[in-house]
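Written below as structure tokens is the structure these notes are about.
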Amino acid sequence: MTANTLAAETSPYLLLHAGNPVHWRPWGPEAFAEAEAQGKPVLLSVGYTACHWCHVMNHESFADAETAKLMNELFVNVKVDREERPDIDQLYQAASNSMGLNGGWPLTMFLTPKGEPFYAGTYFPPEDRYGQPAFKRVLEEVSKLYHEQKEPVANATGRVTQALTNLWARDLRGETHPMMLDASAIHIAQRFDIFYGGLSGAPKFPSTGLLEVMWRAFLRTAAPQFFQLVQTSLDNMAMSGIYDHVGGGYARYATDERWLIPHFEKMLYDNALLIDMMTSVWQYNRNQLYRTRIEETIAWVMRDMMVGDGFAASLDADSDGEEGIYYLWTEAEIDAALAGTFSQRFKQVYNVTREGNFNGRNILHRVGNATYPQPEADEALFKRQRELLLAARMKRTAPLRDDKVLADWNGMMIHALANAGSALKVPQWIAAAEKTFAFVEKNLSDGDRLSHSWREGKRHASGFSDDYAHMARAALMLFEVTQNTHYRDRARAWVDVLNEHYWDAQNGGYFQTADDGEQLFFRVRTVFDQAAPCANGVMTGVLARLYFITAEQAYRDRSNALVSAFASEINRAYISMGSYLNNLELIMTGLQIVIVGPRDNQKTREMMEAVTGRSLPNRTLLVVEPDAVLHETHPAFGKTMQNGVPTAYVCVRQTCSAPITNPVTLSQMLQLPARAEGQA
């Protein structure tokens with residue numbers, strides 16, 4: 001076959017390469033059969049739509065006829081969207097790491113026709129520079145290596161397989177102890193920047209899973225150091241350049257330690273996780289900055305990321321061939337857009353100068369010049385001025401939007417919208433979460449089986465364990481917020497699929513891929529969070545909550561087995577296990593709040609609001625109709641309304657409080673820890 005075949009694909013990233021002179025193939029058995037038949041190695045290139053350096057390599061090399069000719073002669077070339085196929089990406093990123101590289105995108109891997117990697121790289125320039133060899137020279141030398149040095153190639157693939165076995169197939173079972181949570185939180189806190197927040201150094205990512213570890217540690221211990229690190233991180237992100245002050249939403253990461261210079265791509269999952277994190281802290285201290293950022297970020301999601309009732313994956317960093325140009329302003333552009341609105345004050349607060357702070361232009365931020373909030377009249381003016389800037393910006397060439405809908409990332413946003421909607425009492429957000437859930441059910445589901453990706457009416461890739469985990473977590477949040485049993489039942493059905501097709505019967509834990517799906521050369525089973533929380537971390541909490549809701553022992557047994565499956569890694573790899581640690585605490589706490597009362601009763605709703613108004617990341621909230629009967633092993637079995645009034649019971653493990661009929665009393669009971677002196 002001598003043609004580029006990507007035109008039939010649905011991924012926007014793959015379609016960007018459909019016009020290349022490179023004879024790209026999508027991932028599949030046909031490509032590897034072609035390599036076997038022709039006696040060629042496979043060149044695997046992995047990237048994603050919002051990746052700046054992917055675009056650079058595309059322009060420099062893949063669109064170049066001479067380079068493409070060499071690629072076509074020497075290799076069978078396979079292009080993969082890492083968001084569409086996270087299993088392939090994670091597998092070969094780990095293989096790259098085992099070869100001594102840091103990985104990243106674009107990922108350039110050279111494989112045998114069996115899919116085994118023997119040489120790895122990331123971005124390669126067209127000429128020797130950046131301390132890297134020219135891509136064409138790499139192509140020639142790797143081809144020569146493959147054909148002339150069979151033993152070194154076999155040795156390389158063998159070393160990679162052994163490394164992946166040690167990483168993913170070892171028996172990692174162990175015992176847990178409550179002190180592990182405090183010790184891990186302390187170790188994580190020691191890695192954080194006390195001045196600007198985030199993990200010390202640059203680049204800086206939001207690291208929301210680790211922020212949650214420290215936030216939970218604060219709620220558990222009342223140690224103010226944890227509170228300070230979380231607040232410093234969220235405050236600096238909210239005020240600095242990583243936040244889009246004009247349009248809302250957070251960039252994927254900052255290139256500097258002060259969060260001022262973003263890498264301008266925006267990802268759905270980052271914003272979902274940050275909404276959840278800010279909601280949790282807002283529930284504790286009612287910080288107006290966090291509420292504002294939650295509202296603005298959700299407004300951005302609703303305005304720019306909707307695909308039907310689902311959400312797109314990302315926005316590119318580039319437009320008009322230049323990174324970040326969509327978000328940057330000259331002083332003259334600011335003055336023109338804000339003419340007649342006292343632009344000088346805006347420029348002062350948002351750090352706009354004639355010289356600019358990024359390549360002669362300005363990244364807007366609110367660090368250093370003025371506290372937040374300014375007087376109410378000033379903030380109202382700034383809001384109007386930002387609206388004017390947004391209107392002016394929307395006339396520019398917008399960054400490319402990757403409009404595929406991913407089940408796991410949509411699950412995160414569903415959870416965030418439902419959680420924020422219940423906490424901040426915005427029913428429109430809960431309604432949006434329900435619509436997105438229905439969209440996933442309709443478009444990415446076949447019975448109880450999920451697909452990972454959907455675009456323009458076409459599904460792509462069977463669901464991964466992350467899809468089931470995050471959608472089940474979203475379902476349980478919607479169940480808590482709405483008490484609609486459909487969501488509980490959907491979570492149960494998806495967990496059944498995971499238990500049947502993804503569970504590792506030998507070592508415990510869930511594989512990333514199903515036993516009846518495509519088999520790669522190695523099957524991934526990991527507890528380490530990547531850019532988003534991993535399935536095994538999330539599922540410890542999902543299983544625990546299902547046990548608390550149903551009192552079915554099978555959920556408890558599976559949750560305990562999942563915790564045990566990775567417990568020996570806590571002391572070594574805590575920095576990569578945020579979601580596991582957070583859900584381990586949920587299991588150990590066993591906090592259930594049971595409200596007995598009619599679901600449509602105003603007093604019942606007031607009791608629910610008393611719960612959702614508090615920062616209780618370990619909670620499981622269950623509303624029980626007066627005539628319903630809980631399982632006999634449930635700690636609230638037999639609990640009833642008092643004097644015909646909706647009544648709450650706070651249960652920790654198997655012990656429940658005295659009945660509570662006053663929402664204020666319930667709210668006060670849940671206000672823990674005691675606030676340190678001087679806190680809001």
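By convention here, the chains of the structure tokens are called A, B, ... in the order presented, each chain's residues are numbered starting at 1, and ligands are numbered starting at 1 in the order presented.
Residues of range 357-527 of chain A that DSSP places in strand (DSSP E), based on the backbone of this structure, are Arg401, Asp402, Val405, Leu406, Ser445, Asp446, Arg449, Leu450, Ser451, His452, Ser453, Trp454, Arg455, Lys458, Arg459, His460, Ala461 and Ser462 of chain A.
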Export of the given selection (N, CA and C atoms) as a short mmCIF file (atom, residue, chain, number, x, y, z; two decimals), in the first residue's frame:
data_model
loop_
_atom_site.label_atom_id
_atom_site.label_comp_id
_atom_site.auth_asym_id
_atom_site.auth_seq_id
_atom_site.Cartn_x
_atom_site.Cartn_y
_atom_site.Cartn_z
N ARG A 401 -9.95 23.44 18.02
CA ARG A 401 -10.60 22.68 19.09
C ARG A 401 -10.64 21.22 18.71
N ASP A 402 -10.17 20.36 19.60
CA ASP A 402 -10.30 18.92 19.39
C ASP A 402 -11.66 18.52 19.94
N VAL A 405 -15.25 13.53 21.89
CA VAL A 405 -15.81 13.41 23.24
C VAL A 405 -15.24 12.14 23.87
N LEU A 406 -14.53 12.29 24.98
CA LEU A 406 -13.89 11.17 25.65
C LEU A 406 -14.68 10.82 26.90
N SER A 445 -22.14 4.32 24.58
CA SER A 445 -22.49 3.08 25.28
C SER A 445 -23.15 2.10 24.32
N ASP A 446 -22.87 0.83 24.56
CA ASP A 446 -23.56 -0.26 23.88
C ASP A 446 -23.93 -1.26 24.97
N ARG A 449 -21.44 -1.76 27.99
CA ARG A 449 -20.06 -1.55 27.55
C ARG A 449 -19.89 -0.12 27.04
N LEU A 450 -18.78 0.48 27.40
CA LEU A 450 -18.47 1.84 26.99
C LEU A 450 -17.46 1.86 25.85
N SER A 451 -17.56 2.87 25.02
CA SER A 451 -16.49 3.23 24.09
C SER A 451 -15.71 4.38 24.71
N HIS A 452 -14.48 4.53 24.29
CA HIS A 452 -13.64 5.59 24.87
C HIS A 452 -13.89 6.93 24.21
N SER A 453 -14.10 6.93 22.90
CA SER A 453 -14.09 8.18 22.14
C SER A 453 -15.26 8.21 21.18
N TRP A 454 -15.79 9.42 20.94
CA TRP A 454 -16.88 9.62 19.99
C TRP A 454 -16.65 10.93 19.27
N ARG A 455 -16.89 10.92 17.96
CA ARG A 455 -16.82 12.16 17.19
C ARG A 455 -17.66 12.01 15.93
N LYS A 458 -19.45 8.75 15.28
CA LYS A 458 -18.67 7.52 15.22
C LYS A 458 -17.93 7.28 16.53
N ARG A 459 -18.04 6.07 17.03
CA ARG A 459 -17.28 5.67 18.21
C ARG A 459 -15.91 5.15 17.79
N HIS A 460 -14.95 5.31 18.71
CA HIS A 460 -13.61 4.81 18.41
C HIS A 460 -13.00 4.27 19.69
N ALA A 461 -12.44 3.09 19.62
CA ALA A 461 -11.72 2.42 20.71
C ALA A 461 -12.68 1.95 21.79
N SER A 462 -12.54 0.69 22.14
CA SER A 462 -13.32 0.14 23.24
C SER A 462 -12.93 0.85 24.53
#
Residue contacts of Leu388 in chain A (9 Å, only C-alpha atoms) excluding same-chain residues fewer than 4 positions away, as an MDAnalysis selection string: chainID A and resid 246 337:338 383:384 392:393
Every residue of range 460-534 of chain A that DSSP places in alpha helix (DSSP H), as a PyMOL selection string: chain A and resi 465-482+485-501
All residues 12 Å or closer to Leu199 in chain A, only C-alpha atoms, same chain fewer than 5 positions away omitted, as an NGL selection string: :A and (187-194 or 204-211 or 229-230 or 232-233 or 253-254 or 256-259 or 575)
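Take the candidates A:Thr176, A:Ser465, A:Gln519, A:Asn369 and check each one against Val497 in chain A using only C-alpha atoms; the shortest distance goes to A:Ser465.
Checking A:Gly28, A:Gly356, A:Pro663, A:Pro427 one by one against Val611 in chain A, counting only C-alpha atoms, you find the shortest gap at A:Pro663.
Between Asn601 in chain A and the residues A:Gln149, A:Thr647, A:Thr665, A:Thr640, the shortest atom-to-atom distance, using only C-alpha atoms, involves A:Thr647.
When only C-alpha atoms are used to measure the gap to Leu273 in chain A, the shortest distance among A:Arg129, A:Arg173, A:His470, A:Lys404 belongs to A:His470.
For the choices A:Leu15, A:Met306, A:Val160, A:Val495, the atom-to-atom distance to Phe439 in chain A is smallest for A:Met306 when using only C-alpha atoms.
Taking only C-alpha atoms into account, Asp316 in chain A lies nearest to A:His52 out of the set A:Lys603, A:Arg354, A:His52, A:Arg291.
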Spatial neighbours of Arg85 in chain A, 12 Å, only C-alpha atoms, chain gap at least 3 places, as number ranges by chain: A: 11, 13-14, 26-28, 46-48, 79-82, 88-92, 406, 451-453, 460-464, 466-467, 512-513, 518, 520
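Taking CA of Gln231 in chain A and CA of Cys534 in chain A as endpoints, the distance between them is 24.8 Å.
Those residues that approach Trp168 in chain A to within 12 Å, counting only C-alpha atoms, are Gln90, Leu91, Ala94, Ala95, Thr161, Gln162, Asp504, Asn507, Gly508, Gly509, Tyr510, Phe511, Gln512, Phe522, Arg523, Val524, Arg525, Thr526, Val527, Phe528, Ala565, Phe566 and Glu569 of chain A; same-chain residues fewer than 6 positions away are not listed.
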Expected file contents, prior selection, N, CA and C atoms, as a short mmCIF file (atom, residue, chain, number, x, y, z; two decimals), in the first residue's frame:
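Produced file again05.cif, reproduced below:
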data_model
loop_
_atom_site.label_atom_id
_atom_site.label_comp_id
_atom_site.auth_asym_id
_atom_site.auth_seq_id
_atom_site.Cartn_x
_atom_site.Cartn_y
_atom_site.Cartn_z
N GLN A 90 0.42 5.19 26.91
CA GLN A 90 1.01 4.87 28.20
C GLN A 90 2.02 3.73 28.08
N LEU A 91 1.71 2.75 27.25
CA LEU A 91 2.62 1.63 27.07
C LEU A 91 3.96 2.09 26.50
N ALA A 94 6.05 4.46 28.78
CA ALA A 94 6.79 3.69 29.78
C ALA A 94 7.99 2.99 29.14
N ALA A 95 7.81 2.48 27.93
CA ALA A 95 8.92 1.86 27.23
C ALA A 95 10.03 2.87 26.98
N THR A 161 10.80 -5.24 27.82
CA THR A 161 9.80 -6.16 28.34
C THR A 161 10.04 -6.45 29.81
N GLN A 162 11.30 -6.65 30.19
CA GLN A 162 11.62 -6.91 31.59
C GLN A 162 11.29 -5.70 32.45
N ASP A 504 -7.42 -8.22 37.42
CA ASP A 504 -6.24 -9.09 37.39
C ASP A 504 -6.41 -10.13 38.49
N ASN A 507 -2.74 -10.83 40.52
CA ASN A 507 -2.12 -9.86 41.43
C ASN A 507 -3.09 -8.83 42.00
N GLY A 508 -4.33 -8.81 41.51
CA GLY A 508 -5.28 -7.81 41.95
C GLY A 508 -5.13 -6.52 41.17
N GLY A 509 -6.15 -5.69 41.20
CA GLY A 509 -6.15 -4.44 40.45
C GLY A 509 -6.76 -4.63 39.08
N TYR A 510 -7.07 -3.50 38.45
CA TYR A 510 -7.70 -3.52 37.13
C TYR A 510 -6.67 -3.22 36.05
N PHE A 511 -6.70 -4.03 35.00
CA PHE A 511 -5.92 -3.72 33.80
C PHE A 511 -6.54 -2.52 33.10
N GLN A 512 -5.74 -1.87 32.27
CA GLN A 512 -6.25 -0.74 31.51
C GLN A 512 -7.21 -1.19 30.40
N PHE A 522 2.04 -5.70 25.67
CA PHE A 522 2.07 -5.79 27.13
C PHE A 522 0.77 -5.18 27.65
N ARG A 523 0.20 -5.79 28.70
CA ARG A 523 -1.08 -5.33 29.26
C ARG A 523 -0.81 -4.50 30.51
N VAL A 524 -1.22 -3.24 30.46
CA VAL A 524 -0.91 -2.28 31.51
C VAL A 524 -1.84 -2.47 32.71
N ARG A 525 -1.23 -2.48 33.89
CA ARG A 525 -1.97 -2.47 35.17
C ARG A 525 -1.21 -1.55 36.11
N THR A 526 -1.76 -0.37 36.38
CA THR A 526 -0.99 0.63 37.12
C THR A 526 -1.84 1.33 38.17
N VAL A 527 -1.18 1.81 39.20
CA VAL A 527 -1.82 2.62 40.23
C VAL A 527 -1.33 4.05 40.17
N PHE A 528 -0.45 4.35 39.21
CA PHE A 528 0.15 5.67 39.14
C PHE A 528 -0.72 6.61 38.31
N ALA A 565 -3.75 -4.57 46.67
CA ALA A 565 -2.98 -4.91 45.47
C ALA A 565 -1.80 -3.99 45.24
N PHE A 566 -1.86 -2.74 45.73
CA PHE A 566 -0.79 -1.78 45.45
C PHE A 566 -0.18 -1.17 46.71
N GLU A 569 3.55 -0.08 47.39
CA GLU A 569 4.15 1.02 46.63
C GLU A 569 4.04 2.37 47.34
#
Residues near Tyr487 in chain A, cut-off 9 Å, only C-alpha atoms, skip fewer than 6 positions along chain, as a PyMOL selection string: chain A and resi 472+474-479
Next, write the just-selected residues to a file, as a compact mmCIF listing (two decimals), in the first residue's frame, keeping C-alpha atoms as the atom set.
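Result written to out19.txt:
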# COMPACT_ATOMS: atom_id res chain seq x y z
CA ALA A 472 -19.04 5.35 37.61
CA ALA A 474 -19.71 10.65 38.06
CA ALA A 475 -22.80 8.44 38.34
CA LEU A 476 -22.41 8.16 42.11
CA MET A 477 -22.03 11.93 42.46
CA LEU A 478 -25.23 12.44 40.46
CA PHE A 479 -26.92 9.82 42.62
Exercise: Arg599 in chain A partners within 7 Å, only C-alpha atoms, chain neighbours under 5 positions left out, as an MDAnalysis selection string: chainID A and resid 604 623 625
Could you save the residues just selected, with C-alpha atoms, as a compact mmCIF listing (two decimals), in the first residue's frame?
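Writing done, so here's selection_22.txt:
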# COMPACT_ATOMS: atom_id res chain seq x y z
CA THR A 604 -35.05 16.94 53.41
CA VAL A 623 -31.42 9.82 51.31
CA GLU A 625 -37.56 7.26 51.93
